[in-house]
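Asks: Dropping the structure in here first, questions after.
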Number of protein chains: 2
Amino acid sequence: MRQIVIGAAQMGPIQKDEPRKAVVARMIALLEQAAARGCDVIVYPELCLTTFFPRHFMEDAAEIDRWFEREMPGPETAPLFEAARARGVAMSFGYAELTPEGRRFNTAIVTDKAGRIVGKYRKVHLPGHAEYDPERSFQHLEKRYFEPGDLGFPVWRNLDAWMGMCICNDRRWPEVYRVMGLQGVELIMLGYNTPSVNSQDGREGLERRLYHSELSMAAGAYQNAAWVVGVAKAGDEDGHHLMAGSVIIDPDGIVVARAETEGDELLVHGCDMDACNFGKSTIFDFARHRRVEHYGPITAQTGVIHPDSGA
Amino acid sequence: MRQIVIGAAQMGPIQKDEPRKAVVARMIALLEQAAARGCDVIVYPELCLTTFFPRHFMEDAAEIDRWFEREMPGPETAPLFEAARARGVAMSFGYAELTPEGRRFNTAIVTDKAGRIVGKYRKVHLPGHAEYDPERSFQHLEKRYFEPGDLGFPVWRNLDAWMGMCICNDRRWPEVYRVMGLQGVELIMLGYNTPSVNSQDGREGLERRLYHSELSMAAGAYQNAAWVVGVAKAGDEDGHHLMAGSVIIDPDGIVVARAETEGDELLVHGCDMDACNFGKSTIFDFARHRRVEHYGPITAQTGVIHPDSGA
């Protein structure tokens, strides 16, 4: 048994004017809860230092820049790292990254229990659009503010387990889980900011969207025999509602903990990494069962090509 | 709207001594129901002409051969094709195929409304094992009796829609749905024979296995915006219980029809192929959102390679 006690730290809404210092104080409060409950690692949401700013259309560079972090840790996040190191809790969280070269990514990091960053992931599957879209009920401008991640889907050895990350919309893409599964991943940590209504179809509401989210994560967990921890930023941000539904899912695809609120809430579950072994060595023993000679189109083509149509 | 009325024809158990003629009569009875209820196509299970023989360990070639079809249609299946043609119902079903060259496949075919075979699929993901395994509570010898399919995952234009097939264990592999999704598939038909208990872990019983099956099919439907029809052979065959749980799942991943029995039972649902369009043009618009540059391991490697381990 290789138990990791995981704290899934759902966060309630962050309003547009809420300063990072106040957000970090909330994160430290969750961390203290996690430490008191024996957590080895705490997982926070995507872009958890600010409101979900891609809902706002901005053209002014300085206005855009204020949502981004130029260093990690920086002056405002250093207290969080200090608190995590002092309590010996590893952590993962998401933020908007502005590199010294001026590149922008939707990023997540994971630390060890000494507060050292041991892994970084940059979101690959950016949803939404790049220009103002008058046909949507609200904007989702991730393709405007970020480039697609350039680091692939790495897996790291941390806390005596194989760990990987993805972010929000990545969780709907089976390729994401599989690339990590092919590296033997045992724990996938992800955060999300997911509007409760589809901006392109108002009939697709909260219940349906919670279902899609959990469906995708549970399938990814089961089909790769890995733990999946999905953590929401939830509730009403500046008049826009984000779904909650944070979950911890076991390697058999079963939800073992689920958030009950739309606010700051810590889910705690002791997760045995050895519970991955049965699936990985039987029905999903990839070496025995996968047939890569028939998977070619998955990497050879991006979009749909109908048979015999040539395009 | 491009409606196809689908009949998912679950079949109850077939005992070891039940002759094909009796099975075909049951299939024709289901076909007549389907015709009466306005079905355009009827979908039968995997290996639906006989009991699920891979549970039996056999060494004698003649004993093995009796489970296989050398031609399709053959003398015993011709009445089914005649009935389908007479009623103008397309059909898909699975059988054990023995080719003129002596090759053996777990195969499914689909016909048009004139009873012509327009597509053939050979099961790629064979579960189980090739030699007698004394550690299992029962045998699952698909790797003994079949070669892996050699036709990939083709998609055909039939009934004014893009259709594909897979078989049983294939449904647990997201690569299967994705390769068809990349060909624009709108309807995936599959049959299965799934033991109600895991032969390698008796604690994994019926409820858990029905969940895994539906989870995989619903995720495949949602993530490729396609209808999925999963059809069981169910009930007690020669003392071995097969799960039921036949379903029709819409392109949003929602189960719209589910079998209530473990016997011969027809589920009928009018399925609008245009319901695939929204998902295929928004969140799962592959051309806009997929990032194949990060999917390399999916086709480059079969088994797990841990980072930095080199093996």
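The way I read the labels, and the way they are meant: chains A, B, ... in the order of the structure tokens, residue 1 as the first residue of every chain, and ligand 1 as the first ligand shown, with later ones counted on from there.
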Compute the chain B side of the contact with chain A at 6 Å, counting only C-alpha atoms, and hand it back as number ranges by chain.

Replies: B: 152, 182-184, 286-287, 290, 292, 294, 299, 302-306

Asks: May I have the residues from that selection written out with N, CA, C and O atoms, as an mmCIF file, in the first residue's frame?

Replies:
```cif
data_model
loop_
_atom_site.group_PDB
_atom_site.id
_atom_site.type_symbol
_atom_site.label_atom_id
_atom_site.label_comp_id
_atom_site.auth_asym_id
_atom_site.auth_seq_id
_atom_site.Cartn_x
_atom_site.Cartn_y
_atom_site.Cartn_z
ATOM 1 N N GLY B 152 -8.681 -2.445 -39.350
ATOM 2 C CA GLY B 152 -8.774 -1.133 -38.708
ATOM 3 C C GLY B 152 -10.186 -0.887 -38.211
ATOM 4 O O GLY B 152 -10.905 -1.820 -37.861
ATOM 5 N N LEU B 182 -12.569 10.480 -36.157
ATOM 6 C CA LEU B 182 -11.748 11.215 -37.132
ATOM 7 C C LEU B 182 -12.193 10.949 -38.568
ATOM 8 O O LEU B 182 -11.733 11.618 -39.498
ATOM 9 N N GLN B 183 -13.077 9.975 -38.741
ATOM 10 C CA GLN B 183 -13.710 9.757 -40.050
ATOM 11 C C GLN B 183 -15.143 10.306 -40.058
ATOM 12 O O GLN B 183 -15.913 10.024 -40.975
ATOM 13 N N GLY B 184 -15.497 11.045 -39.021
ATOM 14 C CA GLY B 184 -16.817 11.678 -38.984
ATOM 15 C C GLY B 184 -17.953 10.746 -38.603
ATOM 16 O O GLY B 184 -19.123 11.014 -38.905
ATOM 17 N N PHE B 286 -12.662 18.874 -33.983
ATOM 18 C CA PHE B 286 -11.289 18.362 -33.879
ATOM 19 C C PHE B 286 -10.289 19.281 -34.596
ATOM 20 O O PHE B 286 -9.185 19.504 -34.104
ATOM 21 N N ALA B 287 -10.667 19.776 -35.762
ATOM 22 C CA ALA B 287 -9.726 20.579 -36.558
ATOM 23 C C ALA B 287 -9.260 21.808 -35.786
ATOM 24 O O ALA B 287 -8.109 22.230 -35.903
ATOM 25 N N ARG B 290 -7.855 19.847 -31.544
ATOM 26 C CA ARG B 290 -6.899 18.764 -31.245
ATOM 27 C C ARG B 290 -5.462 19.246 -31.466
ATOM 28 O O ARG B 290 -5.204 20.116 -32.287
ATOM 29 N N VAL B 292 -2.241 17.340 -32.182
ATOM 30 C CA VAL B 292 -1.617 16.033 -32.433
ATOM 31 C C VAL B 292 -0.126 16.010 -32.121
ATOM 32 O O VAL B 292 0.440 14.932 -31.902
ATOM 33 N N HIS B 294 1.216 16.593 -29.536
ATOM 34 C CA HIS B 294 1.455 16.076 -28.180
ATOM 35 C C HIS B 294 0.898 14.660 -27.971
ATOM 36 O O HIS B 294 0.871 14.169 -26.851
ATOM 37 N N THR B 299 0.538 6.384 -30.688
ATOM 38 C CA THR B 299 0.825 5.487 -31.810
ATOM 39 C C THR B 299 2.267 4.997 -31.798
ATOM 40 O O THR B 299 2.578 4.005 -32.459
ATOM 41 N N THR B 302 3.345 0.804 -27.570
ATOM 42 C CA THR B 302 2.216 -0.041 -27.189
ATOM 43 C C THR B 302 2.030 -0.072 -25.676
ATOM 44 O O THR B 302 0.932 0.159 -25.184
ATOM 45 N N GLY B 303 3.102 -0.347 -24.967
ATOM 46 C CA GLY B 303 3.007 -0.499 -23.518
ATOM 47 C C GLY B 303 3.523 0.722 -22.768
ATOM 48 O O GLY B 303 3.868 1.746 -23.363
ATOM 49 N N VAL B 304 3.559 0.598 -21.452
ATOM 50 C CA VAL B 304 3.973 1.706 -20.581
ATOM 51 C C VAL B 304 5.490 1.881 -20.609
ATOM 52 O O VAL B 304 6.236 0.905 -20.536
ATOM 53 N N ILE B 305 5.934 3.121 -20.721
ATOM 54 C CA ILE B 305 7.347 3.467 -20.540
ATOM 55 C C ILE B 305 7.396 4.580 -19.494
ATOM 56 O O ILE B 305 6.942 5.696 -19.746
ATOM 57 N N HIS B 306 7.910 4.252 -18.313
ATOM 58 C CA HIS B 306 8.008 5.278 -17.280
ATOM 59 C C HIS B 306 9.054 6.319 -17.662
ATOM 60 O O HIS B 306 10.054 5.987 -18.299
#
```

Asks: Give me, as number ranges by chain, all polymer residues having an atom no more than 7 Å from range 90-96 of chain A, counting only C-alpha atoms and skipping those fewer than 5 positions away in the same chain.

Replies: A: 40-49, 67-69, 84, 105-113, 115

Asks: Take the selection from the previous step and output its residues with N, CA, C and O atoms, as a compact mmCIF listing (two decimals), in the first residue's frame.

Replies:
```
# COMPACT_ATOMS: atom_id res chain seq x y z
N ASP A 40 -1.20 14.74 2.38
CA ASP A 40 0.14 14.78 1.81
C ASP A 40 0.24 15.81 0.70
O ASP A 40 1.32 16.35 0.44
N VAL A 41 -0.87 16.02 0.01
CA VAL A 41 -0.86 16.96 -1.12
C VAL A 41 -2.22 17.65 -1.19
O VAL A 41 -3.26 17.07 -0.86
N ILE A 42 -2.19 18.92 -1.58
CA ILE A 42 -3.43 19.69 -1.77
C ILE A 42 -3.48 20.14 -3.22
O ILE A 42 -2.48 20.57 -3.79
N VAL A 43 -4.66 20.00 -3.82
CA VAL A 43 -4.84 20.34 -5.23
C VAL A 43 -5.85 21.48 -5.33
O VAL A 43 -7.01 21.33 -4.91
N TYR A 44 -5.42 22.61 -5.88
CA TYR A 44 -6.28 23.78 -6.07
C TYR A 44 -6.73 23.85 -7.54
O TYR A 44 -6.20 23.15 -8.41
N PRO A 45 -7.67 24.74 -7.84
CA PRO A 45 -8.20 24.82 -9.23
C PRO A 45 -7.24 25.47 -10.23
O PRO A 45 -6.16 25.96 -9.89
N GLU A 46 -7.72 25.46 -11.47
CA GLU A 46 -7.12 26.21 -12.59
C GLU A 46 -7.20 27.72 -12.30
O GLU A 46 -8.18 28.20 -11.74
N LEU A 47 -6.18 28.46 -12.73
CA LEU A 47 -6.20 29.93 -12.66
C LEU A 47 -6.82 30.38 -11.33
O LEU A 47 -7.77 31.16 -11.31
N CYS A 48 -6.23 29.88 -10.25
CA CYS A 48 -6.91 30.03 -8.96
C CYS A 48 -6.52 31.30 -8.21
O CYS A 48 -7.01 31.53 -7.10
N LEU A 49 -5.69 32.12 -8.81
CA LEU A 49 -5.27 33.35 -8.10
C LEU A 49 -6.15 34.55 -8.43
O LEU A 49 -6.04 35.59 -7.76
N TRP A 67 -3.42 40.03 -15.08
CA TRP A 67 -3.92 38.70 -14.69
C TRP A 67 -2.82 37.65 -14.66
O TRP A 67 -3.06 36.52 -14.23
N PHE A 68 -1.64 38.01 -15.12
CA PHE A 68 -0.56 37.02 -15.30
C PHE A 68 0.51 37.13 -14.21
O PHE A 68 0.73 38.20 -13.63
N GLU A 69 1.18 35.98 -13.96
CA GLU A 69 2.31 35.92 -13.01
C GLU A 69 3.60 35.88 -13.81
O GLU A 69 3.74 35.05 -14.71
N ALA A 84 3.12 26.00 2.87
CA ALA A 84 3.12 24.60 2.44
C ALA A 84 4.39 23.90 2.92
O ALA A 84 4.34 22.76 3.41
N PHE A 105 0.83 31.35 -21.04
CA PHE A 105 0.29 30.01 -20.95
C PHE A 105 -0.68 29.91 -19.77
O PHE A 105 -0.56 30.65 -18.79
N ASN A 106 -1.61 28.96 -19.89
CA ASN A 106 -2.49 28.57 -18.78
C ASN A 106 -1.79 27.38 -18.12
O ASN A 106 -1.82 26.27 -18.65
N THR A 107 -1.21 27.62 -16.97
CA THR A 107 -0.18 26.73 -16.42
C THR A 107 -0.60 26.15 -15.07
O THR A 107 -1.39 26.76 -14.34
N ALA A 108 -0.07 24.98 -14.77
CA ALA A 108 -0.20 24.41 -13.42
C ALA A 108 1.16 23.88 -12.99
O ALA A 108 1.95 23.43 -13.82
N ILE A 109 1.41 23.95 -11.69
CA ILE A 109 2.66 23.39 -11.15
C ILE A 109 2.33 22.41 -10.04
O ILE A 109 1.24 22.42 -9.47
N VAL A 110 3.29 21.53 -9.77
CA VAL A 110 3.18 20.65 -8.61
C VAL A 110 4.50 20.75 -7.84
O VAL A 110 5.57 20.85 -8.44
N THR A 111 4.39 20.74 -6.51
CA THR A 111 5.58 20.82 -5.67
C THR A 111 5.76 19.52 -4.89
O THR A 111 4.85 18.69 -4.82
N ASP A 112 6.94 19.38 -4.31
CA ASP A 112 7.12 18.31 -3.32
C ASP A 112 6.76 18.87 -1.94
O ASP A 112 6.28 20.00 -1.82
N LYS A 113 7.01 18.05 -0.90
CA LYS A 113 6.61 18.50 0.44
C LYS A 113 7.52 19.59 0.99
O LYS A 113 7.21 20.18 2.03
N GLY A 115 8.09 22.25 -0.78
CA GLY A 115 7.69 23.46 -1.48
C GLY A 115 8.50 23.75 -2.74
O GLY A 115 8.39 24.84 -3.32
```

Asks: Check the smallest atom-to-atom distance from each of B:Arg144, B:Arg85, B:Lys233, B:Arg37 to Met11 in chain B using only C-alpha atoms, then report the winner.

Replies: B:Lys233

Asks: Quick one: pull the distance between CA of Trp227 in chain B and CA of Gly88 in chain B, Å, one decimal.

Replies: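 We find that CA of Trp227 in chain B and CA of Gly88 in chain B lie 21.8 Å from each other.
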
Asks: What is the CA of Phe52 in chain B to CA of Arg104 in chain B distance in Å?

Replies: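 Taking CA of Phe52 in chain B as the start and CA of Arg104 in chain B as the end point, the length is 15.2 Å.
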
Asks: Interatomic distance between CA of Glu237 in chain B and CA of Tyr121 in chain B?

Replies: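 For CA of Glu237 in chain B relative to CA of Tyr121 in chain B, the distance reads 25.4 Å.
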
Asks: Compare A:Asp60, A:Asp274, A:Glu147, A:Glu101 by their minimum atom-to-atom distance to Ala226 in chain A, counting only C-alpha atoms, and give me the closest one.

Replies: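 Among the listed residues, A:Asp274 lies closest to Ala226 in chain A.
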
Asks: Between B:Val24, B:Ser137, B:Ile64, B:Arg55, which residue has the minimum interatomic distance to Ala83 in chain B, considering only C-alpha atoms?

Replies: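 Of all the options, B:Val24 lies closest to Ala83 in chain B.
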